[in-house]
Amino acid sequence: GSYSQGSVGRFTLADHGAAAVGPTLLRSGGCSFEVALAAGERRVAVTASYAPEWADGIPGGPPDALALRRAVLSRELCDGRGVFPDADADAAFHRDPVACEWPANDADILSVDAPGGISFRIASRIAPGAPASVSLRWRPTDDEPRRAADATLTALPGPPKLE
């Protein structure tokens with residue numbers, strides 16, 4: 001596709017170094033999307049996939065909800081090599097997890113604190129009329145401020161939409 005000012009297709013640019021891509025409608029009737037943060041030549045992203053879910057367990061007709069089936073955290077060094085840096089090359093990417101101070105958690109949220117100052121939170125179910133949020137936090141080094149990317153996924157009724 002082509003892009004122009006004010007029209008970047010499925011990309012949502014939240015801030016300098018923060019972006020969301022999607023959603024992509026899957027053949028199963030579910031959807032996937034990605035939320036990413038960048039700092040210099042380093043990038044972190046959370047990709048999530050949701051699958052349709054029916055209350056009676058029998059597929060057919062519109063689903064009653066979308067359920068989280070996979071959440072993948074990726075970290076990469078974008079220096080032309082496209083490889084994940086080892087601890088000797090980028091120790092900050094490998095430092096111990098630091099707990100993120102999220103608001104009160106409920107049963108329908110998956111929260112993860114990962115090595116390298118990365119934390120994410122994502123809804124485990126998307127119900128009709130109930131938007132699902134995803135939040136990504138990253139402190140690239142101990143000397144830098146925490147970066148943030150937030151998106152909201154709505155679906156049911158209608159096609160999935162990421163804002």
# chains A, B, ... in the order shown; residues from 1 in each chain; ligands from 1
call {"tool": "residues_around", "arguments": {"residues": "Arg147 (chain A)", "least_positions_apart": "5", "cutoff": "7 Å", "atoms": "only C-alpha atoms", "output": "MDAnalysis selection string"}}
result
chainID A and resid 137:139
call {"tool": "residues_around", "arguments": {"residues": "Pro103 (chain A)", "least_positions_apart": "4", "cutoff": "12 Å", "atoms": "only C-alpha atoms", "output": "number ranges by chain"}}
result
A: 109, 111, 121, 135
call {"tool": "select_by_dssp", "arguments": {"residues": "region 65-162 of chain A", "states": "strand (DSSP E)", "output": "PyMOL selection string"}}
result
chain A and resi 65-77+109-114+118-123+125-126+132-138+147-154+161-162
call {"tool": "closest_residue", "arguments": {"among": "A:Leu66, A:Leu110, A:Leu136, A:Val98", "to": "Ala45 (chain A)", "atoms": "only C-alpha atoms"}}
result
A:Leu136
call {"tool": "residues_around", "arguments": {"residues": "Pro52 (chain A)", "least_positions_apart": "5", "cutoff": "10 Å", "atoms": "only C-alpha atoms", "output": "number ranges by chain"}}
result
A: 26, 28-31, 59, 62-69, 125-126
call {"tool": "closest_residue", "arguments": {"among": "A:Asp113, A:Arg146, A:Arg42, A:Pro131", "to": "Glu163 (chain A)", "atoms": "only C-alpha atoms"}}
result
A:Pro131
call {"tool": "atom_distance", "arguments": {"atom1": "CA of Val46 (chain A)", "atom2": "CA of Pro145 (chain A)"}}
result
19.5 Å
